[in-house]
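This is run.txt. It holds compact mmCIF, C-alpha atoms.
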```txt
# COMPACT_ATOMS: atom_id res chain seq x y z
CA MET A 297 -6.19 36.05 12.37
CA ALA A 298 -2.98 37.81 11.32
CA ILE A 299 -2.09 38.24 15.02
CA ALA A 300 -2.67 34.54 15.66
CA LEU A 301 -0.42 33.63 12.74
CA LYS A 302 2.30 35.95 14.00
CA GLU A 303 2.08 34.51 17.53
CA SER A 304 2.41 30.99 16.15
CA GLU A 305 5.40 31.92 14.00
CA GLU A 306 7.07 33.54 17.04
CA LEU A 307 6.44 30.35 19.02
CA TYR A 308 8.22 28.27 16.37
CA LEU A 309 11.15 30.69 16.50
CA GLN A 310 11.36 30.23 20.27
CA HIS A 311 11.15 26.45 19.88
CA PHE A 312 13.95 26.62 17.33
CA ARG A 313 16.21 28.54 19.69
CA ASP A 314 15.61 25.93 22.41
CA PHE A 315 16.07 23.07 19.91
CA GLU A 316 19.29 24.55 18.53
CA GLU A 317 20.72 24.93 22.05
CA ARG A 318 19.97 21.30 22.90
CA GLN A 319 21.29 19.93 19.61
CA ALA A 320 24.30 22.22 19.17
CA ALA A 321 26.88 19.83 20.61
CA ALA A 322 25.68 16.75 18.72
CA ALA A 323 24.96 18.21 15.29
CA PRO A 324 27.60 18.38 12.55
CA GLU A 325 28.27 21.83 11.15
CA TRP A 326 26.52 21.18 7.82
CA LEU A 327 23.33 20.16 9.64
CA SER A 328 23.38 23.19 11.95
CA ASP A 329 23.78 25.41 8.90
CA LEU A 330 20.93 23.63 7.08
CA ARG A 331 18.62 23.97 10.08
CA SER A 332 19.43 27.66 10.42
CA GLU A 333 18.74 28.25 6.73
CA GLY A 334 15.41 26.44 7.11
CA MET A 335 14.40 28.58 10.07
CA GLN A 336 15.46 31.77 8.34
CA ALA A 337 13.43 30.82 5.26
CA PHE A 338 10.34 30.08 7.38
CA ALA A 339 10.73 33.35 9.26
CA GLU A 340 10.80 35.23 5.96
CA MET A 341 7.85 33.37 4.38
CA GLY A 342 5.61 32.67 7.39
CA PHE A 343 2.57 30.46 7.04
CA PRO A 344 0.94 30.50 3.60
CA THR A 345 -2.46 32.14 3.24
CA THR A 346 -5.40 31.59 0.90
CA ARG A 347 -4.32 34.67 -1.04
CA LEU A 348 -1.68 32.47 -2.64
CA GLU A 349 -2.98 30.50 -5.64
CA ASP A 350 -1.47 27.21 -4.48
CA TRP A 351 -3.19 27.57 -1.09
CA LYS A 352 -6.46 29.05 -2.34
CA TYR A 353 -8.60 26.15 -1.09
CA CYS A 354 -6.41 25.07 1.82
CA ASN A 355 -6.68 27.42 4.77
CA VAL A 356 -3.92 26.49 7.23
CA ALA A 357 -5.13 28.93 9.89
CA PRO A 358 -6.32 25.94 12.03
CA ILE A 359 -2.69 24.73 12.03
CA ALA A 360 -1.16 28.13 12.65
CA GLY A 361 -3.71 28.86 15.37
CA VAL A 362 -2.69 25.95 17.60
CA HIS A 363 0.34 26.36 19.85
CA PHE A 364 1.85 22.95 19.21
CA GLN A 365 4.61 21.80 21.52
CA PRO A 366 7.59 19.61 20.52
CA ALA A 367 6.52 15.97 20.43
CA ASP A 368 7.38 13.54 23.20
CA TYR A 369 6.40 9.90 23.55
CA GLU A 370 5.76 7.07 25.99
CA LEU A 371 5.87 3.49 24.83
CA SER A 372 3.02 1.31 26.10
CA ASP A 373 1.54 -2.14 25.51
CA GLY A 374 -1.26 -0.47 23.57
CA ILE A 375 1.29 1.03 21.16
CA ARG A 376 2.97 -2.37 20.74
CA ARG A 377 -0.40 -3.93 19.90
CA LYS A 378 -1.19 -1.12 17.44
CA VAL A 379 2.11 -1.60 15.64
CA ASN A 380 1.56 -5.33 15.28
CA GLU A 381 -2.01 -4.70 14.11
CA VAL A 382 -1.13 -2.36 11.25
CA SER A 383 2.32 -3.60 10.23
CA VAL A 384 2.63 -5.58 7.01
CA ALA A 385 6.24 -6.61 7.56
CA GLY A 386 6.70 -10.36 7.91
CA PRO A 387 8.76 -12.33 10.48
CA ASP A 388 12.03 -11.43 8.75
CA ARG A 389 10.85 -7.87 8.56
CA THR A 390 12.58 -4.69 7.63
CA ARG A 391 10.62 -2.13 9.58
CA LEU A 392 11.40 1.25 11.09
CA VAL A 393 8.88 2.43 13.71
CA PHE A 394 8.53 6.00 14.94
CA LEU A 395 6.29 7.08 17.82
CA ASN A 396 5.28 10.75 17.72
CA GLY A 397 8.19 11.29 15.36
CA HIS A 398 10.77 9.56 17.59
CA TYR A 399 12.54 6.39 16.47
CA VAL A 400 11.69 3.35 18.59
CA GLU A 401 14.42 0.76 18.22
CA GLU A 402 12.54 -1.79 20.32
CA LEU A 403 9.72 -1.99 17.78
CA SER A 404 11.94 -1.75 14.70
CA ALA A 405 13.82 -4.53 12.99
CA VAL A 406 16.08 -4.73 10.00
CA GLY A 407 16.35 -8.18 8.49
CA GLU A 408 19.28 -9.42 6.51
CA LEU A 409 20.17 -6.88 3.85
CA PRO A 410 22.40 -7.21 0.78
CA LYS A 411 25.97 -6.06 1.27
CA GLY A 412 26.25 -2.27 1.31
CA ALA A 413 22.54 -1.58 1.80
CA THR A 414 21.52 0.64 4.72
CA VAL A 415 18.12 0.91 6.39
CA THR A 416 18.22 2.88 9.64
CA SER A 417 16.97 5.95 11.42
CA LEU A 418 18.09 9.29 10.04
CA ALA A 419 19.44 10.37 13.44
CA LYS A 420 21.89 7.46 13.36
CA ALA A 421 22.75 7.97 9.71
CA ILE A 422 23.55 11.65 10.23
CA LYS A 423 26.49 10.62 12.41
CA GLN A 424 27.82 7.94 10.04
CA GLU A 425 26.73 8.37 6.44
CA GLU A 426 28.26 10.94 4.09
CA ALA A 427 25.34 10.31 1.75
CA VAL A 428 23.02 12.15 4.14
CA SER A 429 24.91 15.44 3.89
CA ALA A 430 25.34 14.93 0.14
CA HIS A 431 21.59 14.58 -0.53
CA MET A 432 19.46 16.00 2.30
CA GLY A 433 17.92 19.35 1.46
CA ARG A 434 19.11 19.17 -2.13
CA TYR A 435 15.73 18.30 -3.68
CA ALA A 436 12.90 19.54 -1.44
CA GLY A 437 12.73 23.31 -1.80
CA TYR A 438 13.05 24.60 1.73
CA LYS A 439 13.79 28.13 0.50
CA THR A 440 10.47 28.40 -1.32
CA HIS A 441 8.06 26.26 0.71
CA PRO A 442 7.11 27.29 4.28
CA PHE A 443 6.35 23.81 5.62
CA VAL A 444 9.49 22.29 4.07
CA ALA A 445 11.44 25.16 5.62
CA LEU A 446 9.87 24.42 9.01
CA ASN A 447 10.68 20.72 8.64
CA THR A 448 14.27 21.55 7.67
CA ALA A 449 14.68 23.82 10.69
CA PHE A 450 13.67 21.01 13.06
CA VAL A 451 15.02 18.03 11.12
CA GLN A 452 16.09 15.39 13.60
CA ASP A 453 14.87 11.92 12.71
CA GLY A 454 13.12 9.79 10.12
CA ALA A 455 14.04 6.97 7.78
CA PHE A 456 17.31 6.68 5.90
CA ILE A 457 17.43 4.07 3.14
CA ASP A 458 20.46 3.74 0.89
CA VAL A 459 20.65 0.93 -1.70
CA PRO A 460 24.02 0.58 -3.45
CA ARG A 461 24.68 0.13 -7.14
CA GLY A 462 23.04 -2.89 -8.77
CA VAL A 463 21.42 -4.16 -5.57
CA VAL A 464 17.78 -5.27 -5.44
CA LEU A 465 15.88 -5.27 -2.14
CA GLU A 466 13.51 -8.21 -2.59
CA LYS A 467 11.23 -7.26 0.31
CA PRO A 468 9.61 -3.89 0.95
CA VAL A 469 10.92 -1.54 3.60
CA GLU A 470 8.15 -0.47 5.96
CA VAL A 471 8.38 2.96 7.61
CA LEU A 472 5.65 3.25 10.21
CA TYR A 473 4.79 6.50 11.98
CA VAL A 474 2.45 5.98 14.94
CA SER A 475 0.94 9.04 16.59
CA THR A 476 -0.84 9.36 19.92
CA GLY A 477 -3.14 12.11 21.05
CA SER A 478 -2.61 14.01 24.26
CA GLU A 479 -4.06 16.96 26.18
CA THR A 480 -1.22 19.09 24.83
CA PRO A 481 -1.15 19.28 21.01
CA TRP A 482 2.26 18.36 19.66
CA VAL A 483 4.14 18.71 16.38
CA ALA A 484 6.70 16.42 14.74
CA HIS A 485 8.77 16.90 11.61
CA PRO A 486 9.57 13.45 10.13
CA ARG A 487 12.29 13.53 7.49
CA ASN A 488 12.97 10.61 5.15
CA LEU A 489 15.75 10.14 2.63
CA VAL A 490 15.66 7.30 0.08
CA ILE A 491 18.64 6.79 -2.23
CA ALA A 492 18.57 4.19 -5.02
CA ALA A 493 21.99 4.06 -6.63
CA GLN A 494 22.56 3.16 -10.27
CA GLY A 495 20.78 -0.05 -11.31
CA SER A 496 19.21 -0.72 -7.90
CA GLN A 497 15.58 -1.46 -7.01
CA LEU A 498 13.47 -1.18 -3.87
CA THR A 499 9.95 -0.71 -2.49
CA VAL A 500 9.17 1.59 0.43
CA MET A 501 5.84 1.87 2.25
CA GLU A 502 5.48 4.94 4.47
CA THR A 503 2.47 4.80 6.79
CA TYR A 504 1.03 7.34 9.21
CA VAL A 505 -1.47 5.89 11.66
CA ALA A 506 -3.14 7.14 14.84
CA ALA A 507 -3.18 5.29 18.15
CA GLY A 508 -5.85 7.37 19.85
CA ASP A 509 -7.64 10.66 19.37
CA GLY A 510 -6.33 14.16 19.92
CA ALA A 511 -4.86 17.07 18.02
CA TYR A 512 -1.34 16.77 16.69
CA PHE A 513 0.56 17.86 13.60
CA ASN A 514 2.86 15.78 11.44
CA ASN A 515 4.87 17.93 9.03
CA ALA A 516 6.74 15.38 6.91
CA VAL A 517 9.27 15.60 4.09
CA THR A 518 10.48 12.67 1.97
CA GLU A 519 13.24 12.98 -0.61
CA ILE A 520 13.69 10.12 -3.12
CA VAL A 521 16.64 9.79 -5.48
CA ALA A 522 16.61 7.25 -8.32
CA GLU A 523 19.97 7.30 -10.07
CA ASP A 524 20.53 5.96 -13.62
CA ASN A 525 18.65 2.70 -14.36
CA ALA A 526 17.26 2.52 -10.82
CA HIS A 527 13.65 1.79 -9.85
CA VAL A 528 11.74 2.89 -6.75
CA ASP A 529 8.21 1.91 -5.73
CA TYR A 530 6.93 4.31 -3.08
CA ILE A 531 3.62 3.76 -1.29
CA LYS A 532 2.23 6.27 1.18
CA LEU A 533 -0.77 5.60 3.43
CA GLN A 534 -2.13 8.42 5.58
CA GLU A 535 -4.55 7.31 8.34
CA GLU A 536 -4.12 10.10 10.89
CA SER A 537 -6.72 10.76 13.61
CA ALA A 538 -9.83 12.84 12.91
CA GLU A 539 -8.37 15.79 14.88
CA ALA A 540 -4.90 15.62 13.39
CA PHE A 541 -3.15 17.77 10.80
CA HIS A 542 -0.91 16.20 8.20
CA VAL A 543 1.21 18.20 5.77
CA ALA A 544 3.63 16.22 3.62
CA THR A 545 6.04 17.03 0.85
CA VAL A 546 7.47 14.27 -1.34
CA LEU A 547 10.06 14.99 -3.98
CA ALA A 548 11.33 12.29 -6.33
CA TYR A 549 14.36 12.95 -8.50
CA VAL A 550 14.50 10.50 -11.43
CA ALA A 551 17.64 10.12 -13.52
CA ARG A 552 18.34 8.53 -16.93
CA ASN A 553 16.42 5.34 -17.80
CA SER A 554 15.17 5.09 -14.23
CA GLY A 555 11.64 4.94 -12.91
CA VAL A 556 9.57 5.89 -9.90
CA VAL A 557 6.09 4.58 -9.11
CA THR A 558 4.18 6.37 -6.35
CA ASN A 559 0.91 5.31 -4.78
CA SER A 560 -0.56 7.92 -2.44
CA ILE A 561 -3.55 6.92 -0.30
CA GLN A 562 -5.09 9.55 1.96
CA PHE A 563 -7.91 8.66 4.33
CA GLY A 564 -7.33 10.47 7.63
CA ALA A 565 -6.70 13.86 9.26
CA ARG A 566 -8.90 16.87 9.85
CA LEU A 567 -6.71 18.70 7.34
CA GLY A 568 -4.37 16.75 5.08
CA ARG A 569 -2.21 18.18 2.36
CA GLU A 570 0.34 16.38 0.26
CA GLU A 571 2.61 17.87 -2.37
CA LEU A 572 4.28 15.33 -4.63
CA THR A 573 6.82 16.56 -7.15
CA THR A 574 8.59 14.30 -9.63
CA VAL A 575 11.52 15.58 -11.66
CA LEU A 576 12.40 13.54 -14.75
CA ASP A 577 15.96 14.68 -15.28
CA GLY A 578 17.44 12.07 -17.61
CA GLU A 579 16.49 10.68 -21.02
CA GLY A 580 14.24 7.64 -20.79
CA ALA A 581 13.07 8.40 -17.25
CA GLU A 582 9.56 7.29 -16.28
CA ALA A 583 7.08 8.20 -13.56
CA TYR A 584 3.78 6.57 -12.63
CA LEU A 585 1.69 8.41 -10.04
CA TYR A 586 -1.41 6.81 -8.52
CA GLY A 587 -3.52 8.46 -5.84
CA LEU A 588 -6.68 7.82 -3.86
CA TYR A 589 -8.34 10.16 -1.37
CA VAL A 590 -11.47 9.28 0.61
CA THR A 591 -13.09 11.93 2.78
CA ASN A 592 -16.13 12.27 5.04
CA GLY A 593 -17.44 14.54 7.77
CA GLN A 594 -15.80 17.96 7.44
CA GLN A 595 -12.39 16.75 6.33
CA LEU A 596 -10.19 18.69 3.94
CA ILE A 597 -7.75 16.69 1.79
CA ASP A 598 -5.57 18.65 -0.61
CA ASN A 599 -3.38 16.97 -3.24
CA HIS A 600 -0.86 18.96 -5.25
CA THR A 601 1.24 17.08 -7.77
CA ALA A 602 3.84 18.27 -10.25
CA ILE A 603 5.69 16.29 -12.91
CA ASP A 604 8.65 18.15 -14.33
CA HIS A 605 9.74 16.80 -17.72
CA ALA A 606 13.22 18.30 -17.83
CA GLN A 607 14.77 16.00 -20.47
CA PRO A 608 13.61 14.47 -23.79
CA HIS A 609 12.17 10.96 -24.32
CA CYS A 610 10.59 10.75 -20.86
CA SER A 611 7.11 9.48 -20.04
CA SER A 612 4.67 9.90 -17.17
CA ARG A 613 1.25 8.56 -16.23
CA GLU A 614 -0.84 10.01 -13.44
CA PHE A 615 -4.17 8.66 -12.22
CA TYR A 616 -5.88 10.04 -9.10
CA LYS A 617 -9.31 9.25 -7.73
CA GLY A 618 -11.41 10.82 -5.00
CA ILE A 619 -14.43 9.57 -3.03
CA LEU A 620 -16.13 12.33 -1.06
CA ASP A 621 -18.94 12.09 1.48
CA GLY A 622 -20.57 14.32 4.13
CA LYS A 623 -19.53 17.97 4.11
CA SER A 624 -15.96 17.20 3.20
CA THR A 625 -13.76 19.03 0.72
CA ALA A 626 -11.00 17.74 -1.52
CA VAL A 627 -8.56 19.47 -3.83
CA PHE A 628 -6.62 18.03 -6.74
CA ASN A 629 -4.11 20.31 -8.42
CA GLY A 630 -1.94 18.43 -10.89
CA LYS A 631 0.64 20.14 -13.06
CA ILE A 632 2.65 18.69 -15.91
CA LEU A 633 5.56 20.85 -16.99
CA VAL A 634 7.30 20.07 -20.29
CA ARG A 635 10.47 22.12 -20.65
CA LYS A 636 11.79 23.51 -23.93
CA ASP A 637 14.28 20.71 -24.57
CA ALA A 638 12.01 17.88 -23.41
CA GLN A 639 11.05 16.74 -26.91
CA LYS A 640 9.25 13.38 -27.40
CA THR A 641 7.60 13.71 -23.99
CA ASP A 642 4.71 11.29 -23.48
CA SER A 643 2.43 12.26 -20.59
CA LYS A 644 -1.12 11.48 -19.51
CA GLN A 645 -3.01 12.76 -16.45
CA SER A 646 -6.46 11.95 -15.08
CA ASP A 647 -8.41 12.85 -11.94
CA LYS A 648 -11.80 11.20 -11.34
CA ASN A 649 -14.11 11.96 -8.42
CA LEU A 650 -17.14 10.26 -6.95
CA LEU A 651 -19.43 12.43 -4.84
CA LEU A 652 -21.56 10.51 -2.34
CA SER A 653 -23.17 13.60 -0.84
CA GLU A 654 -24.66 16.81 -2.22
CA SER A 655 -22.68 18.72 0.43
CA ALA A 656 -19.26 17.38 -0.55
CA VAL A 657 -17.04 19.66 -2.65
CA ILE A 658 -14.16 18.90 -5.01
CA TYR A 659 -11.86 21.47 -6.61
CA THR A 660 -9.93 19.80 -9.40
CA LYS A 661 -7.42 21.56 -11.59
CA PRO A 662 -5.30 19.55 -14.03
CA GLN A 663 -2.71 21.73 -15.75
CA LEU A 664 -0.36 21.45 -18.69
CA GLU A 665 2.54 23.83 -19.31
CA ILE A 666 4.29 22.83 -22.52
CA PHE A 667 7.32 24.61 -23.97
CA ALA A 668 8.40 21.86 -26.42
CA ASP A 669 6.69 21.26 -29.77
CA ASP A 670 7.05 17.50 -30.34
CA VAL A 671 5.16 16.00 -27.42
CA LYS A 672 2.13 13.84 -26.67
CA CYS A 673 0.25 15.11 -23.59
CA THR A 674 -3.33 14.72 -22.39
CA HIS A 675 -5.17 15.53 -19.20
CA GLY A 676 -8.70 15.49 -17.85
CA ALA A 677 -10.93 15.49 -14.80
CA THR A 678 -14.39 14.13 -14.06
CA VAL A 679 -16.86 14.52 -11.21
CA GLY A 680 -19.90 12.27 -10.87
CA GLN A 681 -22.12 10.19 -8.65
CA ILE A 682 -22.77 6.47 -8.38
CA ASP A 683 -24.40 5.23 -11.57
CA PRO A 684 -28.07 4.39 -10.77
CA GLU A 685 -28.18 1.83 -13.60
CA SER A 686 -25.28 -0.06 -12.00
CA ILE A 687 -27.11 0.00 -8.67
CA PHE A 688 -30.25 -1.31 -10.39
CA TYR A 689 -28.27 -4.09 -12.09
CA LEU A 690 -26.65 -5.28 -8.85
CA ARG A 691 -29.95 -5.13 -6.94
CA SER A 692 -31.60 -7.18 -9.68
CA ARG A 693 -28.97 -9.85 -8.83
CA GLY A 694 -30.13 -9.95 -5.22
CA LEU A 695 -27.84 -7.42 -3.52
CA GLY A 696 -29.24 -4.91 -1.03
CA LEU A 697 -28.91 -1.18 -1.70
CA GLU A 698 -26.00 -0.60 0.72
CA GLN A 699 -24.23 -3.76 -0.43
CA ALA A 700 -24.51 -2.70 -4.07
CA ARG A 701 -23.35 0.81 -3.25
CA SER A 702 -20.31 -0.44 -1.29
CA LEU A 703 -19.38 -2.83 -4.06
CA LEU A 704 -19.32 -0.04 -6.65
CA ILE A 705 -17.30 2.26 -4.38
CA GLU A 706 -14.75 -0.48 -3.71
CA ALA A 707 -14.46 -1.19 -7.42
CA PHE A 708 -13.89 2.52 -8.10
CA ALA A 709 -11.05 2.64 -5.55
CA ALA A 710 -9.58 -0.74 -6.50
CA GLU A 711 -8.40 0.62 -9.85
CA ILE A 712 -5.78 2.61 -7.92
CA ILE A 713 -4.87 0.06 -5.23
CA HIS A 714 -4.29 -2.81 -7.66
CA HIS A 715 -1.17 -1.04 -9.00
CA VAL A 716 0.66 -1.94 -5.76
CA LYS A 717 2.73 -5.02 -6.60
CA PHE A 718 3.11 -6.73 -3.22
CA GLU A 719 -0.04 -8.50 -2.04
CA PRO A 720 0.52 -7.78 1.72
CA LEU A 721 0.72 -4.07 0.93
CA ARG A 722 -2.38 -4.29 -1.28
CA GLY A 723 -4.22 -6.14 1.47
CA ARG A 724 -3.29 -3.47 4.00
CA LEU A 725 -4.59 -0.71 1.71
CA LYS A 726 -7.85 -2.60 1.06
CA ALA A 727 -8.36 -3.07 4.81
CA ALA A 728 -7.76 0.63 5.39
CA LEU A 729 -10.30 1.48 2.68
CA LEU A 730 -12.96 -0.76 4.23
CA ALA A 731 -12.31 0.76 7.67
CA LYS A 732 -12.69 4.24 6.22
CA MET A 733 -15.94 3.38 4.43
CA LYS A 734 -17.41 2.05 7.66
CA GLY A 735 -16.70 5.45 9.15
```
As structure tokens, what does this structure read like?
Amino acid sequence: MAIALKESEELYLQHFRDFEERQAAAAPEWLSDLRSEGMQAFAEMGFPTTRLEDWKYCNVAPIAGVHFQPADYELSDGIRRKVNEVSVAGPDRTRLVFLNGHYVEELSAVGELPKGATVTSLAKAIKQEEAVSAHMGRYAGYKTHPFVALNTAFVQDGAFIDVPRGVVLEKPVEVLYVSTGSETPWVAHPRNLVIAAQGSQLTVMETYVAAGDGAYFNNAVTEIVAEDNAHVDYIKLQEESAEAFHVATVLAYVARNSGVVTNSIQFGARLGREELTTVLDGEGAEAYLYGLYVTNGQQLIDNHTAIDHAQPHCSSREFYKGILDGKSTAVFNGKILVRKDAQKTDSKQSDKNLLLSESAVIYTKPQLEIFADDVKCTHGATVGQIDPESIFYLRSRGLGLEQARSLLIEAFAAEIIHHVKFEPLRGRLKAALLAKMKG
């Protein structure tokens, strides 16, 4: 296996040399330097192994063992229909569509935006926006995380959203990644940057959906910045194909009196891993993290979250739920860090899991690391099965066994989904849940 890992790492190095040669003329110096630092960091770290505590239950050998090629794409009527089927953006939509990691202007649309606001592809923004160079790579730790390093080495396109001071985006921004299968497995490295300047507000929904079967690998990074008194709602839906791999890193930096609400829904992929880190770096900052993972077959879904209370008088709430069926495996590793000066921290964390099969496995590990002495922090985890008394009650009201069972599962999941404010987004998540439950 070590040989296979080495071969794969060498392949990425070769791809990087080819990529660098093609992009050399178009890339600004700061970006070329950033990409080189990313590649150097990946070369030094290599793929993580299960010997590392953070990767103990997530063996990425199936990813490292596939010789993925750089992603290409071909737009078809089927793709157009798929986009219209899954999109929640209305007629005056603000939607960025990517096919196999490549921006598709024909399927994207940016409605009327307030003065100074920018919603565009990262590739375009790199050429025009100083904010990109000021923020990109500053938050996600590419020097310490192999997959972030790999993403940074190949960073090319994604979503760039910049909301100026005091501006409120009334309608959500939809970022839709559509992936197609092919005979040749491919890899893409989507990179998103969301900047909410002082006093601004916005909602972003980032969706990954498959348009066909086949093995591919999306290695995504999203950096979110909420400056003083800003508010960001971030919703992530992962519906990759059953043969796909999805590794994502989300880092939210939250400044004074600002807030970030994240809602992470993971249904798809053969192997899906998401790391979500929130840094509360200003007094009065708030974070609300909601997550739902539903697995079946032999899926592996791994959630790692970290909330870093770096300043006093900050609060956080984290609620994750898992529904596991078949021979699937899920991991929840949630860490709350309260630094020495973060007095008056108020934090609560919960992870609840519903096992529908005796063969399904959940590894759940809530953690508290507290270095301040005047704080209020709690955490907990539960694992259980569907309550037979609830089934009996519903059946006594005339429901069949499967109908009663589905109703209870939906109710369990709905406690997470109902935190999404916009009804079209909630409806989309409910539809995705029903599709997943039907298998």
Just the residues within 9 Å of stretch 699-713 of chain A, please, counting all atoms listed in the file, with nothing from its chain fewer than 3 positions along; format it as a ChimeraX atom specification.
/A:559,561,586-588,615-619,650,682-683,686-691,695-696,716,722,725-726,729-730,733
Dump as a PyMOL selection string all residues having an atom at most 9 Å from (1.0, 27.1, 20.4), computed in the file's coordinates with only C-alpha atoms.
chain A and resi 303-304+307-308+360-365+481-482
Which residue, A:Ala602, A:Ala522, A:Leu697, A:Leu596, has the smallest gap to A:Gly578 when you use only C-alpha atoms?
A:Ala522
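One finds atom CA of A:His398 at 27.8 Å from atom CA of A:Val556.
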How many Å separate atom CA of A:Glu340 from atom CA of A:Ala367?
24.5 Å
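Proximity ranking of A:Val451, A:Val379, A:Val464, A:Ala445 relative to A:Gly342 places A:Ala445 first, based on all atoms listed in the file.
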Hey, what's within 7 Å of A:Asp642 if we count only C-alpha atoms and toss same-chain stuff fewer than 6 positions away? As a PyMOL selection string, please?
chain A and resi 610-612+671-673
Using only C-alpha atoms, find the one residue out of A:Phe628, A:Phe450, A:Tyr530, A:Phe394 that sits nearest to A:Glu316.
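Closest residue, counting only C-alpha atoms: A:Phe450.
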Neighbour residues at most 12 Å from (14.0, 4.9, -2.6) (only C-alpha atoms) as a VMD selection string
chain A and resid 413 to 415 455 to 460 464 to 465 468 to 471 488 to 494 496 to 502 518 to 523 526 to 531 546 to 550 554 to 558
Generate the missing atoms of stretch 615-631 of chain A up to N, CA and C atoms and report them as a short mmCIF file (atom, residue, chain, number, x, y, z; two decimals), in the frame of the given file.
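Saved as rebuild12.cif:
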```cif
data_model
loop_
_atom_site.label_atom_id
_atom_site.label_comp_id
_atom_site.auth_asym_id
_atom_site.auth_seq_id
_atom_site.Cartn_x
_atom_site.Cartn_y
_atom_site.Cartn_z
N PHE A 615 -2.75 8.97 -12.38
CA PHE A 615 -4.17 8.66 -12.22
C PHE A 615 -4.53 8.84 -10.74
N TYR A 616 -5.39 9.80 -10.46
CA TYR A 616 -5.88 10.04 -9.10
C TYR A 616 -7.39 9.88 -9.06
N LYS A 617 -7.87 9.39 -7.91
CA LYS A 617 -9.31 9.25 -7.73
C LYS A 617 -9.71 9.74 -6.35
N GLY A 618 -10.90 10.35 -6.27
CA GLY A 618 -11.41 10.82 -5.00
C GLY A 618 -12.81 10.31 -4.73
N ILE A 619 -13.09 9.97 -3.46
CA ILE A 619 -14.43 9.57 -3.03
C ILE A 619 -14.78 10.48 -1.86
N LEU A 620 -15.82 11.30 -2.04
CA LEU A 620 -16.13 12.33 -1.06
C LEU A 620 -17.53 12.15 -0.51
N ASP A 621 -17.64 12.23 0.82
CA ASP A 621 -18.94 12.09 1.48
C ASP A 621 -19.09 13.22 2.51
N GLY A 622 -20.30 13.32 3.08
CA GLY A 622 -20.57 14.32 4.13
C GLY A 622 -20.39 15.74 3.63
N LYS A 623 -19.79 16.58 4.48
CA LYS A 623 -19.53 17.97 4.11
C LYS A 623 -18.04 18.18 3.84
N SER A 624 -17.40 17.14 3.39
CA SER A 624 -15.96 17.20 3.20
C SER A 624 -15.59 17.95 1.92
N THR A 625 -14.30 18.31 1.88
CA THR A 625 -13.76 19.03 0.72
C THR A 625 -12.46 18.37 0.30
N ALA A 626 -12.26 18.25 -1.00
CA ALA A 626 -11.00 17.74 -1.52
C ALA A 626 -10.51 18.65 -2.63
N VAL A 627 -9.20 18.66 -2.79
CA VAL A 627 -8.56 19.47 -3.83
C VAL A 627 -7.59 18.57 -4.60
N PHE A 628 -7.66 18.65 -5.91
CA PHE A 628 -6.62 18.03 -6.74
C PHE A 628 -6.07 19.10 -7.66
N ASN A 629 -4.76 19.35 -7.54
CA ASN A 629 -4.11 20.31 -8.42
C ASN A 629 -2.89 19.61 -9.02
N GLY A 630 -3.01 19.20 -10.26
CA GLY A 630 -1.94 18.43 -10.89
C GLY A 630 -1.34 19.19 -12.06
N LYS A 631 -0.03 19.36 -12.02
CA LYS A 631 0.64 20.14 -13.06
C LYS A 631 1.66 19.27 -13.78
#
```
